[in-house]
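S.K.: Dropping a structure here in structure tokens format, bear with me for questions.
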Amino acid sequence: AGCTGMYMFAGRFGGFGESAYEIDRAWLLSLGKTPYVDFEWPYGVYSLYVPQFFQHLLPITLAQACYLFWGVSFLLGTLLLYLVINMVDYPTTSKTSIYLIVFCAGFPLIITMGAHYTLVRYMCPLLFIVAIQKLFYHGEVKWEIASAILAVIFTTILLTISPETAIAHAFA
């Protein structure tokens with residue numbers, strides 16, 4: 001509802017806040033330019049290619065595709081937050097409160113209208129670390145090897161979302 005409201009308030013007029021930067025870069029990609037080579041892009045390619053995919057899939061403009069991607073990313077990040085909180089093995093009856101506190105802390109970022117400031121960027125590394133940790137501590141060597149392989153796969157996925165979190169994840 002927050003994303004829809006913000007889109008109706010400001011997004012329908014074109015780029016606003018962080019979205020102007022993302023729409024501009026997606027437009028350069030649509031012209032055949034290469035990210036990191038032909039234009040500056042400090043984030044992962046996920047934020048460029050998924051809106052392009054949405055534009056080709058649906059009869060919408062590139063700006064609308066970027067905003068659709070933003071809304072979907074916000075929803076996906078909300079789901080990832082839920083998964084992380086439920087996967088963490090911490091003895092508490094306050095998981096709902098923890099969820100709401102973290103979710104509400106990310107809610108003001110709707111004003112920026114930028115997909116790279118959704119919870120996807122921040123929850124993916126946490127989800128991956130918790131998943132690897134759960135697999136690693138099964139107590140057998142085969143699970144330790146599987147968790148190491150999974151760590152490499154997850155780090156590769158994070159490279160497409162946010163290179164700096166992928167580097168931090170690799171060190172972790």
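Identifiers for the structure tokens are assigned positionally: chains receive A, B, ... in sequence, residues are indexed from 1 per chain, and ligands are indexed from 1 in the order shown.
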I want to know what sits within 10 Å of A:Thr112, based on only C-alpha atoms, with residues of the same chain fewer than 4 positions away left out; could you give that as a ChimeraX atom specification?
M.R.: /A:6,16-20,108,116-118
S.K.: From the DSSP assignment of the backbone, select every residue of stretch 108-140 of chain A that is alpha helix (DSSP H), and format the answer as a list in words.
M.R.: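 Assigned to alpha helix (DSSP H), within stretch 108-140 of chain A: Leu119, Val120, Arg121, Tyr122, Met123, Cys124, Pro125, Leu126, Leu127, Phe128, Ile129, Val130, Ala131, Ile132, Gln133, Lys134, Leu135 and Phe136 of chain A.
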S.K.: Please identify every residue of stretch 94-165 of chain A that has at least one atom no farther than 12 Å from an atom of stretch 8-13 of chain A, counting only C-alpha atoms, and for each give the shortest atom pair and the distance in Å to one decimal, arranged by chain then increasing number, as a tab-separated table.
M.R.:
residue	atom	partner	partner_atom	distance
A:Ile110	CA	A:Gly11	CA	11.4
A:Ile111	CA	A:Ala10	CA	9.5
A:Thr112	CA	A:Ala10	CA	10.5
A:Met113	CA	A:Gly11	CA	8.0
A:Gly114	CA	A:Gly11	CA	10.8
S.K.: Which one of A:Ala65, A:Leu31, A:Ile129, A:Leu83 sits closest to A:Ala148 if you count only C-alpha atoms?
M.R.: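 Closest residue, counting only C-alpha atoms: A:Ile129.
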S.K.: Between A:Met87, A:Ile101, A:Ala115, A:Leu48, which residue has the minimum interatomic distance to A:Ala131, considering only C-alpha atoms?
M.R.: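 Of the candidates, the smallest distance to A:Ala131 is held by A:Met87.
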S.K.: Give me, please, the distance in Å between atom CA of A:Pro163 and atom CA of A:Tyr7, quoted to one decimal.
M.R.: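 Separation between atom CA of A:Pro163 and atom CA of A:Tyr7: 27.7 Å.
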S.K.: Quick one, how far is atom CA of A:Ile161 from atom CA of A:Tyr46?
M.R.: 5.4 Å
S.K.: What does the distance from atom CA of A:Met123 to atom CA of A:Thr156 come to in Å, to one decimal?
M.R.: 15.4 Å
S.K.: So that I can check the surroundings of A:Gln55, please list as a VMD selection string every protein, DNA and RNA residue that reaches within 12 Å of it, counting only C-alpha atoms and ignoring chain neighbours fewer than 4 positions away.
M.R.: chain A and resid 23 26 to 27 30 48 to 51 59 to 69
S.K.: Take the residues that were just selected and, keeping N, CA, C and O atoms, output them as a PDB file, in the first residue's frame.
M.R.:
ATOM      1  N   ILE A  23      15.869   4.558 -13.148  1.00  0.00           N
ATOM      2  CA  ILE A  23      15.193   4.613 -14.450  1.00  0.00           C
ATOM      3  C   ILE A  23      16.168   5.065 -15.525  1.00  0.00           C
ATOM      4  O   ILE A  23      16.197   4.498 -16.624  1.00  0.00           O
ATOM      5  N   ALA A  26      18.466   2.123 -16.272  1.00  0.00           N
ATOM      6  CA  ALA A  26      17.741   1.088 -17.020  1.00  0.00           C
ATOM      7  C   ALA A  26      17.546   1.529 -18.472  1.00  0.00           C
ATOM      8  O   ALA A  26      17.608   0.713 -19.392  1.00  0.00           O
ATOM      9  N   TRP A  27      17.326   2.823 -18.675  1.00  0.00           N
ATOM     10  CA  TRP A  27      17.190   3.364 -20.027  1.00  0.00           C
ATOM     11  C   TRP A  27      18.501   3.204 -20.793  1.00  0.00           C
ATOM     12  O   TRP A  27      18.505   2.814 -21.966  1.00  0.00           O
ATOM     13  N   SER A  30      18.780  -0.260 -21.885  1.00  0.00           N
ATOM     14  CA  SER A  30      17.885  -0.537 -23.020  1.00  0.00           C
ATOM     15  C   SER A  30      18.459  -0.025 -24.340  1.00  0.00           C
ATOM     16  O   SER A  30      18.088  -0.503 -25.404  1.00  0.00           O
ATOM     17  N   LEU A  48      18.833  -3.827 -12.656  1.00  0.00           N
ATOM     18  CA  LEU A  48      18.727  -3.311 -14.022  1.00  0.00           C
ATOM     19  C   LEU A  48      17.986  -4.278 -14.951  1.00  0.00           C
ATOM     20  O   LEU A  48      17.143  -3.862 -15.733  1.00  0.00           O
ATOM     21  N   TYR A  49      18.324  -5.552 -14.849  1.00  0.00           N
ATOM     22  CA  TYR A  49      17.784  -6.515 -15.800  1.00  0.00           C
ATOM     23  C   TYR A  49      16.362  -6.963 -15.487  1.00  0.00           C
ATOM     24  O   TYR A  49      15.599  -7.264 -16.405  1.00  0.00           O
ATOM     25  N   VAL A  50      15.978  -7.003 -14.215  1.00  0.00           N
ATOM     26  CA  VAL A  50      14.613  -7.409 -13.889  1.00  0.00           C
ATOM     27  C   VAL A  50      13.593  -6.379 -14.392  1.00  0.00           C
ATOM     28  O   VAL A  50      12.581  -6.767 -14.997  1.00  0.00           O
ATOM     29  N   PRO A  51      13.822  -5.067 -14.210  1.00  0.00           N
ATOM     30  CA  PRO A  51      12.881  -4.116 -14.818  1.00  0.00           C
ATOM     31  C   PRO A  51      12.811  -4.242 -16.351  1.00  0.00           C
ATOM     32  O   PRO A  51      11.726  -4.105 -16.934  1.00  0.00           O
ATOM     33  N   PRO A  59       2.884  -4.812 -21.131  1.00  0.00           N
ATOM     34  CA  PRO A  59       2.777  -3.595 -21.949  1.00  0.00           C
ATOM     35  C   PRO A  59       2.868  -2.330 -21.083  1.00  0.00           C
ATOM     36  O   PRO A  59       1.887  -1.598 -20.904  1.00  0.00           O
ATOM     37  N   ILE A  60       4.065  -2.074 -20.530  1.00  0.00           N
ATOM     38  CA  ILE A  60       4.283  -0.917 -19.661  1.00  0.00           C
ATOM     39  C   ILE A  60       5.559  -0.204 -20.090  1.00  0.00           C
ATOM     40  O   ILE A  60       6.394  -0.761 -20.800  1.00  0.00           O
ATOM     41  N   THR A  61       5.695   1.036 -19.645  1.00  0.00           N
ATOM     42  CA  THR A  61       6.895   1.800 -19.955  1.00  0.00           C
ATOM     43  C   THR A  61       8.048   1.328 -19.070  1.00  0.00           C
ATOM     44  O   THR A  61       7.840   0.609 -18.083  1.00  0.00           O
ATOM     45  N   LEU A  62       9.241   1.775 -19.394  1.00  0.00           N
ATOM     46  CA  LEU A  62      10.409   1.401 -18.603  1.00  0.00           C
ATOM     47  C   LEU A  62      10.303   1.969 -17.186  1.00  0.00           C
ATOM     48  O   LEU A  62      10.649   1.294 -16.210  1.00  0.00           O
ATOM     49  N   ALA A  63       9.807   3.194 -17.055  1.00  0.00           N
ATOM     50  CA  ALA A  63       9.632   3.784 -15.723  1.00  0.00           C
ATOM     51  C   ALA A  63       8.630   2.970 -14.905  1.00  0.00           C
ATOM     52  O   ALA A  63       8.866   2.683 -13.726  1.00  0.00           O
ATOM     53  N   GLN A  64       7.528   2.573 -15.514  1.00  0.00           N
ATOM     54  CA  GLN A  64       6.547   1.746 -14.816  1.00  0.00           C
ATOM     55  C   GLN A  64       7.138   0.392 -14.441  1.00  0.00           C
ATOM     56  O   GLN A  64       6.846  -0.142 -13.364  1.00  0.00           O
ATOM     57  N   ALA A  65       7.974  -0.164 -15.306  1.00  0.00           N
ATOM     58  CA  ALA A  65       8.625  -1.435 -15.004  1.00  0.00           C
ATOM     59  C   ALA A  65       9.567  -1.297 -13.810  1.00  0.00           C
ATOM     60  O   ALA A  65       9.640  -2.193 -12.964  1.00  0.00           O
ATOM     61  N   CYS A  66      10.262  -0.169 -13.736  1.00  0.00           N
ATOM     62  CA  CYS A  66      11.147   0.072 -12.584  1.00  0.00           C
ATOM     63  C   CYS A  66      10.339   0.194 -11.298  1.00  0.00           C
ATOM     64  O   CYS A  66      10.745  -0.327 -10.251  1.00  0.00           O
ATOM     65  N   TYR A  67       9.195   0.847 -11.367  1.00  0.00           N
ATOM     66  CA  TYR A  67       8.356   0.977 -10.181  1.00  0.00           C
ATOM     67  C   TYR A  67       7.708  -0.356  -9.802  1.00  0.00           C
ATOM     68  O   TYR A  67       7.548  -0.663  -8.619  1.00  0.00           O
ATOM     69  N   LEU A  68       7.347  -1.155 -10.793  1.00  0.00           N
ATOM     70  CA  LEU A  68       6.823  -2.488 -10.507  1.00  0.00           C
ATOM     71  C   LEU A  68       7.890  -3.322  -9.818  1.00  0.00           C
ATOM     72  O   LEU A  68       7.620  -4.020  -8.825  1.00  0.00           O
ATOM     73  N   PHE A  69       9.102  -3.246 -10.319  1.00  0.00           N
ATOM     74  CA  PHE A  69      10.224  -3.964  -9.707  1.00  0.00           C
ATOM     75  C   PHE A  69      10.440  -3.496  -8.271  1.00  0.00           C
ATOM     76  O   PHE A  69      10.677  -4.298  -7.375  1.00  0.00           O
TER      77      PHE A  69
END
